[in-house]
Each structure stands twice: as structure tokens, then as C-alpha cells.
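Here is my_file_20.cif, consisting of mmCIF, C-alpha atoms; chains and numbers go by the auth columns:
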data_run
loop_
_atom_site.group_PDB
_atom_site.id
_atom_site.type_symbol
_atom_site.label_atom_id
_atom_site.label_comp_id
_atom_site.label_asym_id
_atom_site.label_seq_id
_atom_site.Cartn_x
_atom_site.Cartn_y
_atom_site.Cartn_z
_atom_site.B_iso_or_equiv
_atom_site.auth_seq_id
_atom_site.auth_asym_id
ATOM 1 C CA MET A 1 -31.747 -64.643 -53.166 0.00 174 A
ATOM 2 C CA LYS A 2 -35.298 -65.813 -52.523 0.00 175 A
ATOM 3 C CA THR A 3 -38.015 -63.167 -52.383 0.00 176 A
ATOM 4 C CA ILE A 4 -41.593 -63.977 -51.430 0.00 177 A
ATOM 5 C CA VAL A 5 -44.299 -61.464 -52.351 0.00 178 A
ATOM 6 C CA LEU A 6 -47.605 -61.629 -50.460 0.00 179 A
ATOM 7 C CA ASN A 7 -50.721 -59.718 -51.451 0.00 180 A
ATOM 8 C CA ALA A 8 -52.993 -59.446 -48.400 0.00 181 A
ATOM 9 C CA SER A 9 -55.597 -57.431 -50.293 0.00 182 A
ATOM 10 C CA PRO A 10 -58.651 -59.204 -51.742 0.00 183 A
ATOM 11 C CA ARG A 11 -58.226 -57.252 -54.985 0.00 184 A
ATOM 12 C CA LYS A 12 -55.739 -58.938 -57.299 0.00 185 A
ATOM 13 C CA THR A 13 -55.354 -56.204 -59.927 0.00 186 A
ATOM 14 C CA TRP A 14 -55.827 -52.952 -58.032 0.00 187 A
ATOM 15 C CA ASN A 15 -53.560 -50.618 -56.028 0.00 188 A
ATOM 16 C CA THR A 16 -51.924 -52.988 -53.528 0.00 189 A
ATOM 17 C CA ALA A 17 -51.399 -55.648 -56.173 0.00 190 A
ATOM 18 C CA LYS A 18 -49.892 -53.119 -58.596 0.00 191 A
ATOM 19 C CA LEU A 19 -47.437 -51.955 -55.950 0.00 192 A
ATOM 20 C CA LEU A 20 -46.436 -55.527 -55.155 0.00 193 A
ATOM 21 C CA LYS A 21 -46.076 -56.508 -58.796 0.00 194 A
ATOM 22 C CA SER A 22 -43.808 -53.518 -59.333 0.00 195 A
ATOM 23 C CA ALA A 23 -41.772 -54.541 -56.282 0.00 196 A
ATOM 24 C CA ALA A 24 -41.662 -58.117 -57.583 0.00 197 A
ATOM 25 C CA LYS A 25 -40.314 -56.853 -60.921 0.00 198 A
ATOM 26 C CA GLY A 26 -37.588 -54.983 -59.056 0.00 199 A
ATOM 27 C CA ALA A 27 -36.687 -58.152 -57.177 0.00 200 A
ATOM 28 C CA GLU A 28 -36.589 -60.139 -60.413 0.00 201 A
ATOM 29 C CA ASP A 29 -34.346 -57.530 -62.029 0.00 202 A
ATOM 30 C CA ALA A 30 -32.005 -57.881 -59.052 0.00 203 A
ATOM 31 C CA GLY A 31 -31.720 -61.572 -59.874 0.00 204 A
ATOM 32 C CA ALA A 32 -33.906 -62.909 -57.076 0.00 205 A
ATOM 33 C CA GLN A 33 -36.023 -66.033 -57.285 0.00 206 A
ATOM 34 C CA VAL A 34 -39.496 -64.527 -56.796 0.00 207 A
ATOM 35 C CA THR A 35 -42.682 -66.210 -55.597 0.00 208 A
ATOM 36 C CA TYR A 36 -45.888 -64.130 -55.783 0.00 209 A
ATOM 37 C CA ILE A 37 -48.948 -65.197 -53.780 0.00 210 A
ATOM 38 C CA ASP A 38 -52.440 -63.720 -53.486 0.00 211 A
ATOM 39 C CA LEU A 39 -53.427 -64.676 -49.952 0.00 212 A
ATOM 40 C CA TYR A 40 -57.151 -64.420 -50.696 0.00 213 A
ATOM 41 C CA ASP A 41 -56.758 -67.264 -53.196 0.00 214 A
ATOM 42 C CA LEU A 42 -55.723 -69.598 -50.382 0.00 215 A
ATOM 43 C CA ASN A 43 -57.878 -71.591 -47.994 0.00 216 A
ATOM 44 C CA PHE A 44 -56.822 -70.834 -44.413 0.00 217 A
ATOM 45 C CA THR A 45 -57.810 -69.244 -41.128 0.00 218 A
ATOM 46 C CA GLY A 46 -55.971 -67.579 -38.300 0.00 219 A
ATOM 47 C CA CYS A 47 -54.290 -69.632 -35.577 0.00 220 A
ATOM 48 C CA ARG A 48 -56.434 -72.590 -34.437 0.00 221 A
ATOM 49 C CA SER A 49 -54.549 -72.953 -31.146 0.00 222 A
ATOM 50 C CA CYS A 50 -53.949 -76.643 -31.826 0.00 223 A
ATOM 51 C CA MET A 51 -50.632 -76.377 -29.920 0.00 224 A
ATOM 52 C CA LEU A 52 -48.935 -78.816 -32.307 0.00 225 A
ATOM 53 C CA CYS A 53 -46.067 -76.361 -32.797 0.00 226 A
ATOM 54 C CA LYS A 54 -45.468 -76.378 -29.029 0.00 227 A
ATOM 55 C CA ARG A 55 -44.971 -80.137 -28.683 0.00 228 A
ATOM 56 C CA LYS A 56 -41.635 -81.371 -27.405 0.00 229 A
ATOM 57 C CA GLY A 57 -39.193 -82.398 -30.099 0.00 230 A
ATOM 58 C CA VAL A 58 -41.063 -80.946 -33.082 0.00 231 A
ATOM 59 C CA GLN A 59 -39.682 -78.718 -35.811 0.00 232 A
ATOM 60 C CA ARG A 60 -39.800 -75.102 -34.698 0.00 233 A
ATOM 61 C CA CYS A 61 -40.989 -72.258 -36.919 0.00 234 A
ATOM 62 C CA HIS A 62 -43.384 -74.598 -38.686 0.00 235 A
ATOM 63 C CA CYS A 63 -47.173 -74.499 -38.552 0.00 236 A
ATOM 64 C CA TYR A 64 -48.687 -77.980 -38.422 0.00 237 A
ATOM 65 C CA TRP A 65 -52.262 -77.054 -39.309 0.00 238 A
ATOM 66 C CA PRO A 66 -53.108 -78.783 -42.641 0.00 239 A
ATOM 67 C CA ASP A 67 -54.232 -75.925 -44.863 0.00 240 A
ATOM 68 C CA ASP A 68 -52.891 -73.691 -47.635 0.00 241 A
ATOM 69 C CA LEU A 69 -51.036 -71.265 -45.361 0.00 242 A
ATOM 70 C CA SER A 70 -48.636 -73.669 -43.649 0.00 243 A
ATOM 71 C CA PRO A 71 -46.431 -74.129 -46.764 0.00 244 A
ATOM 72 C CA VAL A 72 -46.403 -70.344 -47.218 0.00 245 A
ATOM 73 C CA ILE A 73 -45.108 -69.897 -43.670 0.00 246 A
ATOM 74 C CA ASP A 74 -42.321 -72.364 -44.458 0.00 247 A
ATOM 75 C CA GLN A 75 -41.504 -70.302 -47.557 0.00 248 A
ATOM 76 C CA ILE A 76 -41.367 -67.079 -45.552 0.00 249 A
ATOM 77 C CA PHE A 77 -38.874 -68.503 -43.067 0.00 250 A
ATOM 78 C CA ALA A 78 -36.792 -69.880 -45.954 0.00 251 A
ATOM 79 C CA SER A 79 -36.728 -66.560 -47.843 0.00 252 A
ATOM 80 C CA ASP A 80 -34.199 -63.743 -47.837 0.00 253 A
ATOM 81 C CA VAL A 81 -36.819 -61.072 -48.478 0.00 254 A
ATOM 82 C CA MET A 82 -40.552 -60.715 -47.895 0.00 255 A
ATOM 83 C CA LEU A 83 -42.518 -58.049 -49.749 0.00 256 A
ATOM 84 C CA ILE A 84 -46.005 -57.784 -48.292 0.00 257 A
ATOM 85 C CA GLY A 85 -48.866 -55.438 -49.031 0.00 258 A
ATOM 86 C CA THR A 86 -52.249 -54.678 -47.563 0.00 259 A
ATOM 87 C CA CYS A 87 -55.018 -52.185 -48.022 0.00 260 A
ATOM 88 C CA ILE A 88 -56.457 -50.365 -45.012 0.00 261 A
ATOM 89 C CA TYR A 89 -59.949 -51.445 -43.969 0.00 262 A
ATOM 90 C CA LEU A 90 -61.557 -49.590 -41.051 0.00 263 A
ATOM 91 C CA GLY A 91 -58.169 -48.249 -40.005 0.00 264 A
ATOM 92 C CA ARG A 92 -56.523 -51.676 -39.948 0.00 265 A
ATOM 93 C CA PRO A 93 -54.853 -54.103 -42.347 0.00 266 A
ATOM 94 C CA ALA A 94 -57.135 -56.522 -44.176 0.00 267 A
ATOM 95 C CA SER A 95 -58.194 -59.675 -42.322 0.00 268 A
ATOM 96 C CA ARG A 96 -55.899 -62.012 -44.290 0.00 269 A
ATOM 97 C CA TYR A 97 -52.933 -59.994 -43.030 0.00 270 A
ATOM 98 C CA PHE A 98 -53.870 -60.629 -39.399 0.00 271 A
ATOM 99 C CA GLU A 99 -54.519 -64.312 -40.007 0.00 272 A
ATOM 100 C CA LEU A 100 -51.079 -64.667 -41.554 0.00 273 A
ATOM 101 C CA MET A 101 -49.393 -62.776 -38.727 0.00 274 A
ATOM 102 C CA GLU A 102 -51.063 -64.881 -36.039 0.00 275 A
ATOM 103 C CA ARG A 103 -49.785 -68.065 -37.595 0.00 276 A
ATOM 104 C CA LEU A 104 -46.330 -66.717 -38.440 0.00 277 A
ATOM 105 C CA HIS A 105 -45.680 -65.419 -34.938 0.00 278 A
ATOM 106 C CA PHE A 106 -47.216 -68.240 -32.945 0.00 279 A
ATOM 107 C CA CYS A 107 -45.289 -71.094 -34.553 0.00 280 A
ATOM 108 C CA ALA A 108 -42.027 -69.241 -33.847 0.00 281 A
ATOM 109 C CA LEU A 109 -42.888 -68.249 -30.280 0.00 282 A
ATOM 110 C CA SER A 110 -41.368 -70.121 -27.339 0.00 283 A
ATOM 111 C CA TYR A 111 -43.780 -70.838 -24.514 0.00 284 A
ATOM 112 C CA ASP A 112 -40.797 -71.533 -22.251 0.00 285 A
ATOM 113 C CA ASP A 113 -39.506 -67.961 -22.109 0.00 286 A
ATOM 114 C CA TYR A 114 -41.306 -66.114 -24.941 0.00 287 A
ATOM 115 C CA HIS A 115 -38.240 -65.722 -27.150 0.00 288 A
ATOM 116 C CA CYS A 116 -38.504 -66.206 -30.913 0.00 289 A
ATOM 117 C CA TYR A 117 -37.183 -69.518 -32.218 0.00 290 A
ATOM 118 C CA PHE A 118 -36.369 -68.054 -35.631 0.00 291 A
ATOM 119 C CA THR A 119 -32.642 -67.401 -36.014 0.00 292 A
ATOM 120 C CA GLY A 120 -32.519 -66.607 -39.720 0.00 293 A
ATOM 121 C CA LYS A 121 -32.898 -63.219 -41.367 0.00 294 A
ATOM 122 C CA VAL A 122 -35.621 -62.012 -43.709 0.00 295 A
ATOM 123 C CA ASN A 123 -35.647 -58.393 -44.853 0.00 296 A
ATOM 124 C CA VAL A 124 -39.141 -56.959 -45.218 0.00 297 A
ATOM 125 C CA GLY A 125 -40.763 -54.326 -47.394 0.00 298 A
ATOM 126 C CA MET A 126 -44.326 -53.546 -46.309 0.00 299 A
ATOM 127 C CA PHE A 127 -46.654 -51.596 -48.619 0.00 300 A
ATOM 128 C CA VAL A 128 -49.906 -50.054 -47.430 0.00 301 A
ATOM 129 C CA ALA A 129 -52.450 -48.667 -49.887 0.00 302 A
ATOM 130 C CA MET A 130 -55.281 -46.493 -48.588 0.00 303 A
ATOM 131 C CA ASN A 131 -58.104 -44.114 -49.434 0.00 304 A
ATOM 132 C CA ALA A 132 -56.813 -41.678 -46.808 0.00 305 A
ATOM 133 C CA THR A 133 -54.691 -38.647 -47.545 0.00 306 A
ATOM 134 C CA LYS A 134 -51.238 -38.292 -46.021 0.00 307 A
ATOM 135 C CA PRO A 135 -52.367 -35.785 -43.352 0.00 308 A
ATOM 136 C CA PHE A 136 -55.156 -38.149 -42.299 0.00 309 A
ATOM 137 C CA TYR A 137 -52.774 -41.123 -42.240 0.00 310 A
ATOM 138 C CA ASP A 138 -50.222 -39.201 -40.202 0.00 311 A
ATOM 139 C CA ARG A 139 -52.887 -38.169 -37.701 0.00 312 A
ATOM 140 C CA MET A 140 -54.941 -41.358 -37.432 0.00 313 A
ATOM 141 C CA TYR A 141 -53.039 -44.385 -38.736 0.00 314 A
ATOM 142 C CA LYS A 142 -49.292 -43.803 -38.721 0.00 315 A
ATOM 143 C CA ASP A 143 -48.505 -44.929 -35.177 0.00 316 A
ATOM 144 C CA ALA A 144 -50.580 -48.086 -35.522 0.00 317 A
ATOM 145 C CA PHE A 145 -49.040 -49.098 -38.845 0.00 318 A
ATOM 146 C CA GLU A 146 -45.535 -48.450 -37.613 0.00 319 A
ATOM 147 C CA GLY A 147 -46.462 -50.839 -34.817 0.00 320 A
ATOM 148 C CA TYR A 148 -47.673 -53.457 -37.311 0.00 321 A
ATOM 149 C CA ALA A 149 -44.418 -53.068 -39.243 0.00 322 A
ATOM 150 C CA ALA A 150 -42.391 -53.436 -36.038 0.00 323 A
ATOM 151 C CA GLU A 151 -44.013 -56.836 -35.449 0.00 324 A
ATOM 152 C CA LEU A 152 -42.149 -58.053 -38.531 0.00 325 A
ATOM 153 C CA LYS A 153 -38.837 -57.467 -36.798 0.00 326 A
ATOM 154 C CA MET A 154 -39.287 -60.992 -35.460 0.00 327 A
ATOM 155 C CA LEU A 155 -37.798 -62.014 -38.828 0.00 328 A
ATOM 156 C CA ASN A 156 -34.502 -60.396 -37.709 0.00 329 A
ATOM 157 C CA GLY A 157 -34.035 -58.266 -40.821 0.00 330 A
ATOM 158 C CA THR A 158 -34.621 -54.683 -41.813 0.00 331 A
ATOM 159 C CA VAL A 159 -38.271 -53.620 -42.025 0.00 332 A
ATOM 160 C CA GLU A 160 -39.330 -50.834 -44.364 0.00 333 A
ATOM 161 C CA LEU A 161 -42.862 -49.380 -44.299 0.00 334 A
ATOM 162 C CA HIS A 162 -44.101 -47.659 -47.468 0.00 335 A
ATOM 163 C CA PRO A 163 -47.554 -46.024 -47.272 0.00 336 A
ATOM 164 C CA CYS A 164 -49.379 -45.096 -50.489 0.00 337 A
ATOM 165 C CA TYR A 165 -52.010 -42.372 -50.021 0.00 338 A
ATOM 166 C CA ASN A 166 -55.347 -41.335 -51.526 0.00 339 A
ATOM 167 C CA THR A 167 -55.596 -44.222 -53.958 0.00 340 A
ATOM 168 C CA LEU A 168 -58.275 -44.558 -56.595 0.00 341 A
ATOM 169 C CA GLN A 169 -60.990 -46.903 -55.329 0.00 342 A
ATOM 170 C CA VAL A 170 -63.013 -47.572 -58.488 0.00 343 A
ATOM 171 C CA ALA A 171 -62.710 -46.801 -62.180 0.00 344 A
ATOM 172 C CA ASP A 172 -66.004 -44.885 -62.423 0.00 345 A
ATOM 173 C CA TYR A 173 -67.226 -43.066 -59.314 0.00 346 A
ATOM 174 C CA SER A 174 -70.541 -42.147 -60.969 0.00 347 A
ATOM 175 C CA LYS A 175 -71.699 -45.737 -60.481 0.00 348 A
ATOM 176 C CA PHE A 176 -71.216 -45.707 -56.693 0.00 349 A
ATOM 177 C CA ASP A 177 -72.438 -43.880 -53.599 0.00 350 A
ATOM 178 C CA MET A 178 -69.100 -42.384 -52.577 0.00 351 A
ATOM 179 C CA ALA A 179 -69.897 -38.699 -52.188 0.00 352 A
ATOM 180 C CA SER A 180 -67.484 -38.247 -49.265 0.00 353 A
ATOM 181 C CA PHE A 181 -64.512 -38.720 -51.610 0.00 354 A
ATOM 182 C CA ASP A 182 -63.174 -36.072 -53.968 0.00 355 A
ATOM 183 C CA GLU A 183 -62.951 -37.904 -57.281 0.00 356 A
ATOM 184 C CA THR A 184 -60.951 -35.106 -58.902 0.00 357 A
ATOM 185 C CA ALA A 185 -58.328 -35.203 -56.152 0.00 358 A
ATOM 186 C CA LYS A 186 -58.183 -38.970 -56.319 0.00 359 A
ATOM 187 C CA ARG A 187 -57.707 -39.004 -60.068 0.00 360 A
ATOM 188 C CA TYR A 188 -54.987 -36.404 -59.744 0.00 361 A
ATOM 189 C CA ALA A 189 -53.217 -38.537 -57.115 0.00 362 A
ATOM 190 C CA HIS A 190 -53.630 -41.619 -59.306 0.00 363 A
ATOM 191 C CA GLU A 191 -52.155 -39.883 -62.350 0.00 364 A
ATOM 192 C CA HIS A 192 -49.389 -37.903 -60.655 0.00 365 A
ATOM 193 C CA GLU A 193 -48.502 -39.640 -57.363 0.00 366 A
ATOM 194 C CA PHE A 194 -49.273 -43.312 -57.895 0.00 367 A
ATOM 195 C CA PRO A 195 -46.673 -43.686 -60.686 0.00 368 A
ATOM 196 C CA LYS A 196 -44.090 -42.439 -58.173 0.00 369 A
ATOM 197 C CA ASP A 197 -45.336 -45.039 -55.680 0.00 370 A
ATOM 198 C CA LEU A 198 -44.938 -47.751 -58.308 0.00 371 A
ATOM 199 C CA GLU A 199 -41.402 -46.641 -59.071 0.00 372 A
ATOM 200 C CA ASN A 200 -40.610 -46.557 -55.356 0.00 373 A
ATOM 201 C CA ALA A 201 -41.999 -50.080 -54.977 0.00 374 A
ATOM 202 C CA TYR A 202 -39.802 -51.258 -57.847 0.00 375 A
ATOM 203 C CA GLN A 203 -36.727 -49.747 -56.220 0.00 376 A
ATOM 204 C CA VAL A 204 -37.622 -51.251 -52.832 0.00 377 A
ATOM 205 C CA GLY A 205 -38.007 -54.698 -54.327 0.00 378 A
ATOM 206 C CA LYS A 206 -34.737 -54.288 -56.190 0.00 379 A
ATOM 207 C CA HIS A 207 -32.557 -53.033 -53.361 0.00 380 A
ATOM 208 C CA LEU A 208 -33.928 -55.427 -50.739 0.00 381 A
ATOM 209 C CA SER A 209 -33.354 -58.331 -53.133 0.00 382 A
ATOM 210 C CA THR A 210 -29.836 -57.318 -54.106 0.00 383 A
ATOM 211 C CA PRO A 211 -27.243 -59.444 -52.275 0.00 384 A
ATOM 212 C CA ALA A 212 -25.043 -57.791 -49.665 0.00 385 A
ATOM 213 C CA THR A 213 -27.136 -54.616 -49.391 0.00 386 A
ATOM 214 C CA HIS A 214 -28.177 -55.429 -45.813 0.00 387 A
#

The structure given in the file should be rewritten as C-alpha cells.
Amino acid sequence: MKTIVLNASPRKTWNTAKLLKSAAKGAEDAGAQVTYIDLYDLNFTGCRSCMLCKRKGVQRCHCYWPDDLSPVIDQIFASDVMLIGTCIYLGRPASRYFELMERLHFCALSYDDYHCYFTGKVNVGMFVAMNATKPFYDRMYKDAFEGYAAELKMLNGTVELHPCYNTLQVADYSKFDMASFDETAKRYAHEHEFPKDLENAYQVGKHLSTPATH
């Protein structure tokens, strides 16, 4: 089993990354070959509309733009499992997430009849870390993020969405102008709920990366 883990958050050691590293450990314990990538370390943009992937006779499901993301797209299509995580910025995934999705979808999209060229199967676990509480997420973000998760069904596998609520933003709130957030509630969530999220991420990575579970 090949599992690719993609961190679409700019922070490499904070909430999203911790969730993904726990999921990656679960995948490793299931015996998967795991590749972990911080997308913000790579040099790439969204789709450049070069149309090279639409030429006659070319390899489908391959992005031809010469940057750091094209090999990652090849790895995604060659994987059995993708574990991807993003924070929520302004009610949306981080910008690297959208840039990845543009490229992933477009190189697999037929401009003859709009079907997807990809015929393989990649199971997906999507993790979303946020400052919002669960009631706020359910009211304001849930429908949109379920829609983002549904876009990953183009990989023909199961897609699991795992939100993580009310995360701790900084280590010391006294150093920042963040009066709208309840530091006590956030620390409580970090100490009592986030460990459960990490354990859940581990189990997700493990069961998605265990052969013959899907």
C-alpha cells in the first residue's frame, strides 16, 4: 500500500501537521509505504491553463507544467491512499489546497465529454483544523467543506472528512491581539479534545492504509 500525506497548511508543526503526522503513523503501522509532503515547502502555482494535458496522444492524468507540484500529482494518482489536511482561512481551505485541487482535477478532466480520465482508486482521509467551535462549523462551514470533500471523489475511492474544532492558535495568547477568542476554552479543547482528534487521525490513517478494508 502506498499512502501519500499532504499538509496544505503553512504551519509545519502545529494542529494540521500534528493530525497528519498522527495519521501518517497509523498508515506506517498498517504497513504502508508513506510519503509526507508539506505543500508550502514546494514551488508551484495553481493551473496555468497551458493546455498541455489536453493535447492529442499525451499521457492523461499528468500535469506537464515544470514545477514542484507535477511529480506530487503523479504520486497521488499512483497511491492507494491520500491523507490531506488544511486549516480554515476566512471560511475556506488554505490557498495551497486550492492550487493543488485545480491542477489535480484539470489534468484528469476530459474536454471531449467532461468525464474523468482517472480509472484507478485512491481512498482519501481529509482533516480540517479550525479556530471555530463545532456549532459554528455546523452552521457556517459544514456544507461547504462537505462539498470540498466530495470533489475528491474524482479519485474513485472512499472519502472521509474529519473536522477538528476550536484549536489552539498560539502558545501564549498574552502576546497577541486576539481578544475575540476564549483562551481558557481553547486550552481546555487542546488538552481534552485534541488528543482524541490525534487518536482519531491515527486510526483513520491505519484503517485506510490497511489492505482489503475498502

- Leaving out stretch 245-250 of chain A and any residue of its chain fewer than 3 positions from it, which residues lie within 10 Å of it when counting all atoms listed in the file, given as a VMD selection string? chain A and resid 175 to 179 208 210 212 215 234 to 236 240 to 242 253 to 255 273 to 274 276 to 278 280 to 281 291 to 295 328

Write the residues of the preceding selection, restricted to C-alpha atoms, as a short mmCIF file (atom, residue, chain, number, x, y, z; two decimals), in the frame of the given file.
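Generated file (out21.cif):
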data_model
loop_
_atom_site.label_atom_id
_atom_site.label_comp_id
_atom_site.auth_asym_id
_atom_site.auth_seq_id
_atom_site.Cartn_x
_atom_site.Cartn_y
_atom_site.Cartn_z
CA LYS A 175 -35.30 -65.81 -52.52
CA THR A 176 -38.02 -63.17 -52.38
CA ILE A 177 -41.59 -63.98 -51.43
CA VAL A 178 -44.30 -61.46 -52.35
CA LEU A 179 -47.60 -61.63 -50.46
CA THR A 208 -42.68 -66.21 -55.60
CA ILE A 210 -48.95 -65.20 -53.78
CA LEU A 212 -53.43 -64.68 -49.95
CA LEU A 215 -55.72 -69.60 -50.38
CA CYS A 234 -40.99 -72.26 -36.92
CA HIS A 235 -43.38 -74.60 -38.69
CA CYS A 236 -47.17 -74.50 -38.55
CA ASP A 240 -54.23 -75.92 -44.86
CA ASP A 241 -52.89 -73.69 -47.64
CA LEU A 242 -51.04 -71.26 -45.36
CA ASP A 253 -34.20 -63.74 -47.84
CA VAL A 254 -36.82 -61.07 -48.48
CA MET A 255 -40.55 -60.72 -47.90
CA LEU A 273 -51.08 -64.67 -41.55
CA MET A 274 -49.39 -62.78 -38.73
CA ARG A 276 -49.78 -68.06 -37.60
CA LEU A 277 -46.33 -66.72 -38.44
CA HIS A 278 -45.68 -65.42 -34.94
CA CYS A 280 -45.29 -71.09 -34.55
CA ALA A 281 -42.03 -69.24 -33.85
CA PHE A 291 -36.37 -68.05 -35.63
CA THR A 292 -32.64 -67.40 -36.01
CA GLY A 293 -32.52 -66.61 -39.72
CA LYS A 294 -32.90 -63.22 -41.37
CA VAL A 295 -35.62 -62.01 -43.71
CA LEU A 328 -37.80 -62.01 -38.83
#

- From the set A:Ala358, A:Val332, A:Ala205, A:Leu282, which residue has the shortest atom-to-atom contact distance to A:Cys226, counting all atoms listed in the file?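 Nearest candidate to A:Cys226 out of A:Ala358, A:Val332, A:Ala205, A:Leu282: A:Leu282.
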
- Query: Could you list as an NGL selection string every residue that has an atom within 12 Å of (-41.4, -56.8, -62.4), using the file's coordinates and counting all atoms listed in the file?
  - Reply: :A and (178 or 190-209 or 371-372 or 374-379)

- Message: Evaluate the PyMOL selection byres ((chain A and resi 221) around 12) against this structure - the residues, as a ChimeraX atom specification, please.
- Response: /A:217-220,222-226,236-240,272-273,275-276,279-280

- Distance query 12 Å from (-54.9, -35.8, -55.5) using only C-alpha atoms, result as a count of residues only: 23

- Closest to A:Pro183 among A:Arg233, A:Lys348, A:Arg269, A:Lys369, using only C-alpha atoms?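 That would be A:Arg269, the residue with the smallest distance to A:Pro183.
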
- Could you spell out the hits of the PyMOL selection byres ((chain A and resi 184) around 12) on the shown file, as a PyMOL selection string? chain A and resi 180-183+185-191+193+211-214+258-260+267+269+302+342-343

- Using all atoms listed in the file, the best pick from A:Leu325, A:Ala344, A:Met174, A:Val297 as closest to A:Leu256 would be A:Val297

- Query: Distance atom CA of A:Ser353-atom CA of A:Asn373, one decimal place?
  - Reply: 28.8 Å

- Message: For the PyMOL selection byres ((chain A and resi 299) around 7), applied here, can you spell out every residue it catches as an MDAnalysis selection string?
- Response: chainID A and resid 256:258 297:298 300:301 333:335

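Considering all atoms listed in the file, the residue among A:Gly230, A:Asp370, A:Asp286, A:Asn296 positioned nearest to A:Ala251 is A:Asn296.
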
- What is the atom CA of A:Cys289-atom CA of A:Ser268 distance in Å, reported with one decimal?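 A separation of 23.7 Å between them.
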
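Distances here use only C-alpha atoms; by that measure, the residue among A:Tyr270, A:Phe309, A:Tyr287, A:Ser252 closest to A:Ala322 is A:Tyr270.
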
- Enter the distance from atom CA of A:Leu381 to atom CA of A:Asn216, in Å, rounded to one decimal. 29.0 Å

Box dimensions and centre (Å, one decimal) enclosing stretch 376-379 of chain A, axis-aligned, 8 Å extra per side, as JSON:
{"center_x": -36.4, "center_y": -52.2, "center_z": -54.5, "size_x": 19.3, "size_y": 21.0, "size_z": 19.4}
